[in-house]
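What's in model.cif: mmCIF, C-alpha atoms
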data_entry
#
loop_
_atom_site.label_atom_id
_atom_site.label_comp_id
_atom_site.auth_asym_id
_atom_site.auth_seq_id
_atom_site.Cartn_x
_atom_site.Cartn_y
_atom_site.Cartn_z
CA MET A 1 120.90 1.15 -67.43
CA LEU A 2 120.57 4.10 -69.80
CA GLU A 3 123.73 5.61 -71.23
CA ALA A 4 124.31 8.51 -73.58
CA ALA A 5 127.68 9.03 -75.19
CA GLN A 6 128.74 12.36 -76.68
CA LEU A 7 125.24 13.17 -77.92
CA GLU A 8 124.95 16.01 -80.38
CA CYS A 9 121.71 17.25 -81.89
CA ALA A 10 121.10 19.93 -84.47
CA ARG A 11 118.04 21.70 -85.80
CA GLY A 12 118.73 22.66 -89.38
CA SER A 13 122.27 24.04 -89.44
CA ARG A 14 122.24 25.15 -85.79
CA THR A 15 123.79 22.85 -83.21
CA LEU A 16 121.53 22.69 -80.17
CA PHE A 17 123.88 20.86 -77.84
CA SER A 18 126.91 18.64 -78.10
CA GLY A 19 128.93 16.40 -75.86
CA VAL A 20 125.99 15.39 -73.65
CA ALA A 21 127.01 12.26 -71.79
CA PHE A 22 125.54 10.54 -68.76
CA THR A 23 124.95 7.14 -67.25
CA LEU A 24 121.69 6.46 -65.49
CA ALA A 25 121.75 3.47 -63.17
CA PRO A 26 118.62 1.71 -61.78
CA GLY A 27 116.90 4.02 -59.31
CA GLY A 28 118.46 7.03 -60.97
CA LEU A 29 116.71 10.30 -61.76
CA LEU A 30 117.89 12.53 -64.58
CA ARG A 31 116.74 16.14 -64.52
CA VAL A 32 117.24 18.11 -67.71
CA THR A 33 117.07 21.88 -67.30
CA GLY A 34 117.74 24.77 -69.60
CA ALA A 35 116.16 27.90 -70.99
CA ASN A 36 113.54 27.75 -73.73
CA GLY A 37 114.92 26.65 -77.07
CA ARG A 38 118.00 24.95 -75.62
CA GLY A 39 116.90 21.55 -76.90
CA LYS A 40 115.42 19.85 -73.83
CA THR A 41 112.63 18.27 -75.86
CA THR A 42 115.07 17.37 -78.64
CA LEU A 43 117.33 15.62 -76.12
CA LEU A 44 114.40 13.65 -74.77
CA ARG A 45 113.23 12.70 -78.24
CA ALA A 46 116.76 11.51 -79.04
CA LEU A 47 116.76 9.45 -75.82
CA CYS A 48 113.47 7.86 -76.92
CA GLY A 49 114.78 7.06 -80.37
CA LEU A 50 112.27 9.36 -82.06
CA LEU A 51 115.09 11.21 -83.75
CA VAL A 52 118.59 10.18 -84.68
CA PRO A 53 121.27 12.36 -83.04
CA ALA A 54 123.81 14.07 -85.29
CA ALA A 55 126.58 12.38 -83.34
CA GLY A 56 126.92 9.96 -80.45
CA GLU A 57 124.53 7.24 -79.43
CA VAL A 58 122.10 6.18 -76.73
CA ARG A 59 122.50 2.74 -75.18
CA TRP A 60 120.04 0.73 -73.12
CA LYS A 61 121.51 -2.11 -71.08
CA GLY A 62 124.70 -1.75 -73.10
CA GLU A 63 123.06 -2.06 -76.54
CA PRO A 64 122.45 0.87 -78.91
CA ILE A 65 118.73 1.68 -78.96
CA ARG A 66 118.86 1.88 -82.76
CA THR A 67 119.35 -1.87 -82.91
CA LEU A 68 117.06 -2.69 -79.95
CA ARG A 69 114.05 -0.77 -81.29
CA GLU A 70 110.82 -2.47 -80.11
CA GLU A 71 112.73 -4.25 -77.34
CA TYR A 72 113.76 -0.86 -75.95
CA TRP A 73 110.36 0.70 -76.47
CA SER A 74 108.65 -2.06 -74.50
CA ASP A 75 110.76 -0.87 -71.52
CA LEU A 76 109.94 2.79 -72.12
CA LEU A 77 107.07 5.06 -71.19
CA TYR A 78 107.25 8.45 -72.87
CA ILE A 79 104.89 11.32 -72.19
CA GLY A 80 105.68 14.13 -74.55
CA HIS A 81 105.03 17.82 -74.56
CA ALA A 82 101.81 17.13 -76.49
CA ASN A 83 99.18 15.27 -74.52
CA ALA A 84 98.37 12.69 -77.21
CA LEU A 85 94.68 13.09 -76.40
CA LYS A 86 91.84 13.10 -78.92
CA ASP A 87 89.36 15.92 -78.35
CA ASP A 88 86.45 13.80 -79.54
CA LEU A 89 87.14 10.88 -77.23
CA THR A 90 86.49 10.73 -73.50
CA ALA A 91 89.31 10.65 -70.97
CA GLU A 92 88.56 6.98 -70.33
CA GLU A 93 88.67 6.06 -74.03
CA ASN A 94 91.82 8.10 -74.59
CA LEU A 95 93.63 6.37 -71.78
CA ALA A 96 92.47 2.92 -72.87
CA PHE A 97 93.54 3.49 -76.47
CA THR A 98 96.93 4.98 -75.54
CA CYS A 99 97.67 1.95 -73.36
CA GLY A 100 96.38 -0.38 -76.08
CA ILE A 101 98.53 1.21 -78.79
CA ALA A 102 101.56 0.89 -76.55
CA GLY A 103 100.78 -2.83 -76.49
CA ARG A 104 99.63 -2.92 -72.87
CA VAL A 105 95.90 -3.46 -72.82
CA ALA A 106 94.58 -2.22 -69.47
CA PRO A 107 91.38 -3.37 -67.73
CA ARG A 108 88.64 -0.78 -67.26
CA GLU A 109 88.95 -0.81 -63.46
CA SER A 110 92.60 0.18 -63.49
CA ILE A 111 91.84 2.96 -65.96
CA HIS A 112 89.08 4.30 -63.71
CA ALA A 113 91.35 4.01 -60.69
CA ALA A 114 94.13 5.93 -62.46
CA LEU A 115 91.78 8.71 -63.55
CA ALA A 116 90.34 8.91 -60.04
CA ARG A 117 93.85 9.19 -58.63
CA PHE A 118 94.41 12.16 -60.92
CA GLY A 119 91.24 13.84 -59.72
CA LEU A 120 89.16 13.08 -62.79
CA ALA A 121 86.60 10.85 -61.08
CA GLY A 122 83.16 11.63 -62.50
CA ARG A 123 84.71 13.15 -65.62
CA GLU A 124 85.74 9.86 -67.26
CA ARG A 125 82.88 10.07 -69.75
CA LEU A 126 83.35 13.70 -70.77
CA PRO A 127 84.94 14.37 -74.15
CA VAL A 128 88.42 15.69 -73.59
CA ARG A 129 87.55 18.95 -75.35
CA ALA A 130 85.36 19.80 -72.37
CA LEU A 131 88.33 19.59 -69.98
CA SER A 132 90.63 22.43 -68.96
CA GLN A 133 94.33 22.52 -69.87
CA GLY A 134 95.33 21.25 -66.45
CA GLN A 135 92.75 18.47 -66.55
CA ARG A 136 93.98 17.40 -69.98
CA ARG A 137 97.51 17.19 -68.66
CA ARG A 138 96.19 15.12 -65.78
CA ALA A 139 94.38 12.80 -68.18
CA ALA A 140 97.61 12.31 -70.15
CA LEU A 141 99.69 11.75 -67.03
CA ALA A 142 97.17 9.25 -65.65
CA ARG A 143 99.08 6.73 -67.74
CA LEU A 144 101.71 6.77 -65.01
CA ALA A 145 99.17 5.18 -62.69
CA VAL A 146 97.93 2.44 -65.05
CA GLY A 147 100.31 -0.35 -64.15
CA ALA A 148 103.15 1.60 -65.75
CA THR A 149 105.85 -0.88 -64.82
CA GLN A 150 108.19 0.11 -67.66
CA PRO A 151 111.66 0.46 -66.12
CA LEU A 152 112.24 3.80 -67.84
CA TRP A 153 109.98 6.82 -67.78
CA ILE A 154 110.78 9.80 -69.97
CA LEU A 155 108.58 12.79 -69.17
CA ASP A 156 108.71 16.04 -71.10
CA GLU A 157 107.62 18.98 -68.92
CA PRO A 158 105.25 16.86 -66.85
CA PHE A 159 104.34 19.76 -64.58
CA ALA A 160 103.30 22.18 -67.33
CA ALA A 161 99.72 23.38 -66.66
CA LEU A 162 99.50 21.31 -63.47
CA ASP A 163 98.46 22.80 -60.12
CA ALA A 164 100.37 22.23 -56.88
CA ALA A 165 98.42 19.10 -55.97
CA GLY A 166 98.91 17.62 -59.45
CA THR A 167 102.63 18.36 -59.33
CA GLN A 168 102.85 16.69 -55.94
CA LEU A 169 101.04 13.63 -57.26
CA VAL A 170 103.41 13.22 -60.21
CA LEU A 171 106.39 13.75 -57.91
CA SER A 172 105.20 11.05 -55.54
CA LEU A 173 104.45 8.62 -58.41
CA ALA A 174 107.94 9.24 -59.80
CA GLY A 175 109.38 8.77 -56.30
CA GLU A 176 107.61 5.41 -55.91
CA HIS A 177 108.81 4.37 -59.34
CA LEU A 178 112.42 5.25 -58.52
CA ALA A 179 112.17 3.39 -55.21
CA ARG A 180 111.30 0.25 -57.20
CA GLY A 181 114.67 0.54 -58.94
CA SER A 182 113.38 2.10 -62.15
CA MET A 183 114.68 5.15 -63.93
CA VAL A 184 113.06 8.52 -64.62
CA VAL A 185 114.15 11.24 -67.01
CA LEU A 186 112.32 14.55 -66.92
CA THR A 187 112.63 18.12 -68.07
CA THR A 188 111.35 20.90 -65.91
CA HIS A 189 111.65 24.57 -65.16
CA GLN A 190 110.67 24.01 -61.56
CA ASP A 191 112.69 22.61 -58.75
CA ALA A 192 111.42 19.04 -58.80
CA ARG A 193 111.90 17.65 -55.31
CA ILE A 194 112.02 13.91 -55.69
CA THR A 195 113.81 11.63 -53.30
CA ALA A 196 115.85 9.30 -55.48
CA PRO A 197 118.78 7.02 -54.76
CA SER A 198 120.80 9.07 -57.22
CA VAL A 199 120.08 12.30 -59.05
CA THR A 200 121.89 13.49 -62.16
CA ASP A 201 121.44 17.01 -63.45
CA ILE A 202 122.04 18.17 -66.97
CA ASN A 203 121.87 21.87 -67.68
CA LEU A 204 121.77 22.62 -71.39
CA ASP A 205 122.54 26.32 -70.84
CA ARG A 206 126.18 25.49 -70.26
CA MET B 1 99.71 -8.18 -81.43
CA LEU B 2 96.27 -8.61 -82.97
CA ALA B 3 94.85 -6.84 -79.92
CA VAL B 4 96.78 -3.73 -81.00
CA LEU B 5 95.42 -4.01 -84.52
CA ARG B 6 91.89 -4.23 -83.11
CA THR B 7 92.52 -1.29 -80.77
CA VAL B 8 93.73 0.94 -83.61
CA ILE B 9 90.81 0.08 -85.89
CA HIS B 10 88.31 0.52 -83.04
CA ARG B 11 89.83 3.89 -82.13
CA ASP B 12 89.82 5.29 -85.67
CA LEU B 13 86.30 4.08 -86.39
CA LEU B 14 85.09 5.65 -83.14
CA LEU B 15 86.79 8.92 -84.09
CA ALA B 16 85.16 8.81 -87.53
CA LEU B 17 81.80 8.17 -85.88
CA ARG B 18 82.23 11.26 -83.68
CA ARG B 19 83.21 13.34 -86.73
CA ARG B 20 80.71 12.20 -89.29
CA ALA B 21 80.99 15.39 -91.34
CA ASP B 22 84.50 14.42 -92.51
CA VAL B 23 83.20 11.13 -93.86
CA ALA B 24 80.20 12.73 -95.53
CA THR B 25 82.24 15.36 -97.39
CA VAL B 26 84.34 12.74 -99.18
CA LEU B 27 81.29 10.74 -100.18
CA LEU B 28 79.41 13.82 -101.34
CA PHE B 29 82.42 14.90 -103.38
CA PHE B 30 82.34 11.54 -105.17
CA VAL B 31 78.60 11.77 -105.78
CA ILE B 32 78.79 15.30 -107.15
CA VAL B 33 81.80 14.74 -109.42
CA VAL B 34 80.24 11.64 -110.97
CA THR B 35 76.90 13.41 -111.41
CA LEU B 36 78.41 16.46 -113.10
CA PHE B 37 79.42 14.46 -116.17
CA PRO B 38 75.98 13.30 -117.37
CA LEU B 39 74.74 16.84 -116.76
CA GLY B 40 77.59 18.33 -118.76
CA VAL B 41 77.73 15.83 -121.59
CA GLY B 42 74.00 15.58 -122.16
CA PRO B 43 71.60 12.64 -122.55
CA GLU B 44 73.52 10.68 -125.16
CA PRO B 45 73.41 7.01 -123.99
CA ASN B 46 76.22 5.72 -126.20
CA LEU B 47 78.61 8.46 -125.18
CA LEU B 48 77.72 8.12 -121.49
CA ARG B 49 78.25 4.36 -121.62
CA ALA B 50 81.64 4.93 -123.20
CA ILE B 51 82.90 7.45 -120.66
CA ALA B 52 81.35 5.78 -117.57
CA PRO B 53 84.32 3.57 -116.54
CA GLY B 54 86.83 6.39 -116.75
CA VAL B 55 84.63 8.97 -115.03
CA ILE B 56 83.67 6.75 -112.10
CA TRP B 57 87.20 5.53 -111.50
CA VAL B 58 88.77 8.99 -111.77
CA ALA B 59 86.18 10.31 -109.32
CA ALA B 60 86.97 7.43 -106.96
CA LEU B 61 90.69 8.22 -107.23
CA LEU B 62 90.14 11.89 -106.42
CA SER B 63 87.87 11.27 -103.45
CA CYS B 64 90.31 8.72 -102.03
CA MET B 65 93.02 11.34 -102.31
CA LEU B 66 90.88 13.96 -100.64
CA ALA B 67 90.51 11.76 -97.56
CA LEU B 68 94.21 10.91 -97.38
CA ALA B 69 95.41 14.23 -96.01
CA ARG B 70 93.63 13.47 -92.73
CA LEU B 71 95.05 9.98 -92.31
CA PHE B 72 98.01 10.86 -90.08
CA ALA B 73 97.74 14.66 -89.74
CA ALA B 74 95.65 14.72 -86.54
CA ASP B 75 97.75 12.04 -84.84
CA PHE B 76 100.88 13.97 -85.80
CA ALA B 77 99.53 17.24 -84.42
CA ASP B 78 98.35 15.96 -81.04
CA GLY B 79 101.29 13.67 -80.27
CA SER B 80 99.46 10.34 -80.68
CA LEU B 81 101.77 9.48 -83.54
CA GLU B 82 104.80 9.61 -81.23
CA GLN B 83 103.09 7.07 -79.00
CA MET B 84 102.55 4.81 -82.01
CA LEU B 85 106.20 5.14 -83.02
CA LEU B 86 107.23 4.11 -79.49
CA SER B 87 104.92 1.12 -79.23
CA ARG B 88 106.36 -2.26 -78.50
CA THR B 89 104.23 -3.58 -81.37
CA PRO B 90 105.79 -3.25 -84.84
CA LEU B 91 104.75 0.06 -86.40
CA GLY B 92 103.79 -1.70 -89.65
CA LEU B 93 100.96 -3.45 -87.85
CA ILE B 94 99.62 -0.24 -86.27
CA VAL B 95 99.78 1.46 -89.65
CA ALA B 96 97.93 -1.45 -91.26
CA GLY B 97 95.18 -0.93 -88.70
CA LYS B 98 94.99 2.77 -89.43
CA VAL B 99 94.77 2.21 -93.18
CA ALA B 100 92.12 -0.49 -92.71
CA ALA B 101 89.99 1.87 -90.64
CA HIS B 102 90.56 4.63 -93.16
CA TRP B 103 89.39 2.38 -96.00
CA LEU B 104 86.28 1.28 -94.08
CA VAL B 105 85.36 4.95 -93.67
CA SER B 106 86.38 6.45 -97.00
CA GLY B 107 86.63 3.52 -99.45
CA LEU B 108 83.79 1.22 -98.58
CA PRO B 109 81.09 3.91 -99.02
CA LEU B 110 82.31 4.40 -102.60
CA VAL B 111 81.84 0.70 -103.27
CA VAL B 112 78.23 0.96 -102.10
CA VAL B 113 77.38 4.22 -103.83
CA GLY B 114 79.35 3.63 -107.05
CA PRO B 115 76.90 1.21 -108.71
CA VAL B 116 73.95 3.47 -107.84
CA LEU B 117 75.63 6.45 -109.48
CA ALA B 118 76.53 4.29 -112.48
CA LEU B 119 72.81 4.05 -113.30
CA GLN B 120 73.09 7.60 -114.63
CA PHE B 121 75.42 6.25 -117.32
CA ASP B 122 73.01 3.60 -118.56
CA LEU B 123 75.31 0.70 -117.72
CA ASN B 124 73.83 -2.80 -117.89
CA GLN B 125 73.29 -5.08 -114.89
CA SER B 126 76.42 -7.19 -115.24
CA ALA B 127 78.61 -4.09 -115.58
CA LEU B 128 77.19 -2.74 -112.30
CA GLY B 129 78.25 -5.92 -110.50
CA VAL B 130 81.71 -5.70 -112.01
CA LEU B 131 81.96 -2.05 -110.99
CA ALA B 132 81.14 -2.85 -107.36
CA LEU B 133 83.60 -5.74 -107.36
CA SER B 134 86.41 -3.76 -108.99
CA LEU B 135 85.90 -0.88 -106.54
CA LEU B 136 85.88 -3.36 -103.67
CA ILE B 137 89.28 -4.74 -104.70
CA GLY B 138 90.73 -1.50 -106.06
CA THR B 139 89.96 1.10 -103.37
CA PRO B 140 92.01 -0.67 -100.64
CA VAL B 141 94.99 -0.47 -103.00
CA LEU B 142 94.36 3.28 -103.34
CA SER B 143 94.29 3.67 -99.55
CA LEU B 144 97.48 1.66 -99.06
CA ILE B 145 99.49 3.43 -101.77
CA GLY B 146 98.11 6.83 -100.79
CA ALA B 147 99.11 6.30 -97.16
CA ILE B 148 102.78 6.25 -98.22
CA GLY B 149 102.32 9.69 -99.74
CA ALA B 150 100.38 10.91 -96.70
CA ALA B 151 103.20 9.71 -94.43
CA LEU B 152 105.90 11.35 -96.54
CA THR B 153 104.16 14.73 -96.78
CA LEU B 154 103.29 14.85 -93.09
CA GLY B 155 103.94 18.24 -91.54
CA LEU B 156 105.02 19.88 -94.80
CA ARG B 157 103.65 23.22 -95.86
CA GLY B 158 101.51 22.82 -98.97
CA GLY B 159 101.50 19.11 -98.33
CA GLY B 160 98.07 18.67 -99.91
CA VAL B 161 99.15 19.55 -103.45
CA LEU B 162 102.42 17.68 -103.07
CA LEU B 163 100.46 14.65 -101.92
CA ALA B 164 98.40 14.75 -105.12
CA LEU B 165 101.50 15.05 -107.31
CA LEU B 166 103.15 12.19 -105.46
CA VAL B 167 100.25 9.80 -105.28
CA LEU B 168 98.20 10.29 -108.45
CA PRO B 169 100.87 8.86 -110.82
CA LEU B 170 101.08 5.78 -108.59
CA TYR B 171 97.31 5.34 -108.95
CA VAL B 172 97.57 4.94 -112.74
CA PRO B 173 97.81 1.10 -112.81
CA VAL B 174 94.71 0.79 -110.60
CA LEU B 175 92.86 3.28 -112.80
CA ILE B 176 93.73 1.44 -116.02
CA ILE B 177 92.92 -2.02 -114.72
CA GLY B 178 89.81 -0.92 -112.82
CA ALA B 179 88.35 1.00 -115.74
CA GLY B 180 89.43 -1.82 -118.05
CA ALA B 181 87.37 -4.33 -116.05
CA LEU B 182 84.32 -2.16 -116.53
CA ASP B 183 85.02 -1.69 -120.25
CA ALA B 184 85.32 -5.43 -120.71
CA ALA B 185 82.05 -6.09 -118.87
CA ALA B 186 80.23 -3.40 -120.84
CA GLY B 187 81.56 -4.92 -124.06
CA GLY B 188 80.28 -8.36 -123.12
CA LEU B 189 83.71 -9.82 -122.36
CA SER B 190 84.84 -11.47 -119.15
CA ALA B 191 86.12 -9.02 -116.56
CA LEU B 192 87.84 -11.80 -114.64
CA PRO B 193 91.40 -11.17 -115.88
CA HIS B 194 91.19 -7.51 -114.85
CA LEU B 195 89.74 -8.36 -111.47
CA LEU B 196 92.47 -10.95 -110.86
CA LEU B 197 95.12 -8.39 -111.79
CA LEU B 198 93.56 -5.93 -109.34
CA ALA B 199 93.54 -8.63 -106.65
CA ALA B 200 97.21 -9.30 -107.33
CA LEU B 201 97.92 -5.57 -106.87
CA LEU B 202 96.00 -5.64 -103.60
CA VAL B 203 97.97 -8.61 -102.26
CA LEU B 204 101.24 -6.95 -103.25
CA ALA B 205 100.24 -3.62 -101.70
CA ALA B 206 98.95 -5.21 -98.48
CA ALA B 207 102.20 -7.12 -98.04
CA PHE B 208 104.68 -4.32 -98.68
CA THR B 209 103.14 -0.87 -98.21
CA PRO B 210 102.65 -1.03 -94.40
CA TRP B 211 106.42 -1.27 -93.94
CA ALA B 212 107.02 1.53 -96.44
CA ILE B 213 104.44 3.69 -94.64
CA ALA B 214 106.07 2.91 -91.29
CA ALA B 215 109.51 3.90 -92.60
CA SER B 216 108.09 7.13 -94.07
CA LEU B 217 106.40 8.01 -90.77
CA ARG B 218 109.67 7.61 -88.86
CA ILE B 219 111.37 9.99 -91.29
CA SER B 220 108.55 12.56 -91.19
CA ALA B 221 108.19 12.52 -87.40
CA GLU B 222 111.84 13.27 -86.72
#

Can the structure in the file be given as structure tokens, please?
Amino acid sequence: MLEAAQLECARGSRTLFSGVAFTLAPGGLLRVTGANGRGKTTLLRALCGLLVPAAGEVRWKGEPIRTLREEYWSDLLYIGHANALKDDLTAEENLAFTCGIAGRVAPRESIHAALARFGLAGRERLPVRALSQGQRRRAALARLAVGATQPLWILDEPFAALDAAGTQLVLSLAGEHLARGSMVVLTTHQDARITAPSVTDINLDR
Amino acid sequence: MLAVLRTVIHRDLLLALRRRADVATVLLFFVIVVTLFPLGVGPEPNLLRAIAPGVIWVAALLSCMLALARLFAADFADGSLEQMLLSRTPLGLIVAGKVAAHWLVSGLPLVVVGPVLALQFDLNQSALGVLALSLLIGTPVLSLIGAIGAALTLGLRGGGVLLALLVLPLYVPVLIIGAGALDAAAGGLSALPHLLLLAALLVLAAAFTPWAIAASLRISAE
């Protein structure tokens, strides 16, 4: 269970948002919406533990994530706004290294299967710099299909640069994940239609 | 956990292999700086022998620093660093892997080339061996200490100059001991005490700096 209590984040002297509170139970989906610059990414980074909020705290299974650290991160899969891809490496190598750095070494077959699922079959050996924006996003999101059993996914603008089919694929993967009793947090500008046992919405414009 | 260490080293070496120009520039910088001195000072064997330890070690220091700026910058820019910060493996271990790969690419070539360049300074055989050995023990210390500076200046404007101001003073002990080893060998004394001191610095740096680098990265990435 992921809880946030009275979260407040600031950039410099400007307060981005304050009083953000929610409880996300297993199977729960949290959609964060808001105009550009409202702090969606900042909220997600605070939920990951990448930045310390100005006030409030984030708790995972009742414990503050600041004390859990690696224990929390082993339950977390975060895909940020940046794709975390190396231009000089191939899609296959990128995916293998990202999984390896997360501490979850993945066999080659499952990496190929994940890339194929994201429509990159036959392009596994191309350096990422030869891929289009949408294809890069697909290569980054392919992590969701490599045995990503972490009970919490945090996705920052997963649909940016994706086409309709790619969006649908991510939606269905997130739906499957939620059906297994896991949790998903995502930011989006689009109306993300995911069937989830429970959906929480946070709008940072208000 | 060791699998992660291996993954990080493998990844960074592969990246260096795909971008060989970056590696070559640092090495060429070292070669050129060391070569400029005999050209500038003139063919005076006694003088060259006297300045050799200082010149070679200062050049090694500067080329190590030149390579540092790239250590975390690319990972920071493309988001890979965030993934490292969120790994279930302790960040100190990942960082140790990155510094190890960085040393293999930017430090080890200096160890190989250093003694060859030292021929220009008319150093004797035993001094060449000591030079290689002192560089072998000393350059990893430079990479480890420098990585703290690279982590702290990550994402700052004008970070390159700041990095130099931050890191170069910390390099002084390595410079003194490293050049001292060479001085001793050239003077016919045993270089062993200097080399042991350098080794002690290396052990100390290897044990503590990865955690300092990890803490600095968390601050810089916020």

Task: Non-local contacts of segment 28-35 of chain B (8 Å; all atoms listed in the file; under 6 positions in same chain excluded) as JSON, numbers by chain - done: {"B": [55, 56, 59, 60, 62, 63, 110, 113, 117, 120]}

TODO: Using only C-alpha atoms, find the residues of chain B whose closest atom to chain A is at most 6 Å away, then write them as a PyMOL selection string.
DONE: chain B and resi 4+78-80+86-88+222

Selected by the PyMOL selection byres ((chain A and resi 56) around 12) in the shown coordinates: which residues, as a PDB file with C-alpha atoms, keeping the file's coordinate frame?
ATOM      1  CA  GLU A   3     123.730   5.610 -71.230  1.00  0.00           C
ATOM      2  CA  ALA A   4     124.310   8.510 -73.580  1.00  0.00           C
ATOM      3  CA  ALA A   5     127.680   9.030 -75.190  1.00  0.00           C
ATOM      4  CA  GLN A   6     128.740  12.360 -76.680  1.00  0.00           C
ATOM      5  CA  LEU A   7     125.240  13.170 -77.920  1.00  0.00           C
ATOM      6  CA  GLU A   8     124.950  16.010 -80.380  1.00  0.00           C
ATOM      7  CA  CYS A   9     121.710  17.250 -81.890  1.00  0.00           C
ATOM      8  CA  PHE A  17     123.880  20.860 -77.840  1.00  0.00           C
ATOM      9  CA  SER A  18     126.910  18.640 -78.100  1.00  0.00           C
ATOM     10  CA  GLY A  19     128.930  16.400 -75.860  1.00  0.00           C
ATOM     11  CA  VAL A  20     125.990  15.390 -73.650  1.00  0.00           C
ATOM     12  CA  ALA A  21     127.010  12.260 -71.790  1.00  0.00           C
ATOM     13  CA  PHE A  22     125.540  10.540 -68.760  1.00  0.00           C
ATOM     14  CA  LEU A  43     117.330  15.620 -76.120  1.00  0.00           C
ATOM     15  CA  ALA A  46     116.760  11.510 -79.040  1.00  0.00           C
ATOM     16  CA  LEU A  47     116.760   9.450 -75.820  1.00  0.00           C
ATOM     17  CA  VAL A  52     118.590  10.180 -84.680  1.00  0.00           C
ATOM     18  CA  PRO A  53     121.270  12.360 -83.040  1.00  0.00           C
ATOM     19  CA  ALA A  54     123.810  14.070 -85.290  1.00  0.00           C
ATOM     20  CA  ALA A  55     126.580  12.380 -83.340  1.00  0.00           C
ATOM     21  CA  GLU A  57     124.530   7.240 -79.430  1.00  0.00           C
ATOM     22  CA  VAL A  58     122.100   6.180 -76.730  1.00  0.00           C
ATOM     23  CA  ARG A  59     122.500   2.740 -75.180  1.00  0.00           C
ATOM     24  CA  PRO A  64     122.450   0.870 -78.910  1.00  0.00           C
ATOM     25  CA  ILE A  65     118.730   1.680 -78.960  1.00  0.00           C
ATOM     26  CA  ARG A  66     118.860   1.880 -82.760  1.00  0.00           C
TER      27      ARG A  66
END

Open item on the list: Please enumerate the residues selected by the PyMOL selection byres ((chain B and resi 170-181) around 7) when evaluated against the supplied file, formatted as a PyMOL selection string.
Closed with: chain B and resi 53-54+57+134+138+142+167-169+182-185+191+194-195+198

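Here atom CA of Glu92 of chain A is placed at a distance of 15.5 Å from atom CA of Asp12 of chain B.
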
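A cut-off of 9 Å from the point (86.3, 18.8, -73.2), with only C-alpha atoms, picks out the residues Asp87, Asp88, Leu89, Thr90, Ala91, Leu126, Pro127, Val128, Arg129, Ala130, Leu131, Ser132 and Arg136 of chain A.
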
Open item on the list: Once the PyMOL selection byres ((chain B and resi 145) around 12) has been evaluated on this model, what residues remain selected, and can you format them as a PyMOL selection string?
Closed with: chain B and resi 61+64-65+68+96+99+103+138-144+146-152+163-164+166-174+201-202+204-213

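With all atoms listed in the file as the basis for measurement, B:Met84 is the residue among B:Gly40, B:Met84, B:Arg20, B:Ala69 that approaches Gly97 of chain B most closely.
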
TODO: Rank B:Ala215, B:Ala221, B:Val203, B:Leu131 by their smallest atom-to-atom distance to Ala52 of chain B, using all atoms listed in the file, and report the top residue only.
DONE: B:Leu131

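The two atoms in question, atom CA of Ala140 of chain A and atom CA of Ile219 of chain B, are spaced 25.3 Å apart.
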
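Separating atom CA of Leu135 of chain B from atom CA of Ala73 of chain B is a distance of 25.8 Å.
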
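Comparing B:Leu156, B:Leu48, B:Ile94, B:Ile137 by their smallest distance to Leu197 of chain B, the closest is B:Ile137 (using all atoms listed in the file).
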
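Near (87.5, 0.9, -88.7), the residues inside the 10 Å limit, counting only C-alpha atoms, come to Arg6, Thr7, Val8, Ile9, His10, Arg11, Asp12, Leu13, Leu14, Leu15, Ala16, Leu17, Gly97, Lys98, Val99, Ala100, Ala101, His102, Trp103, Leu104 and Val105 of chain B.
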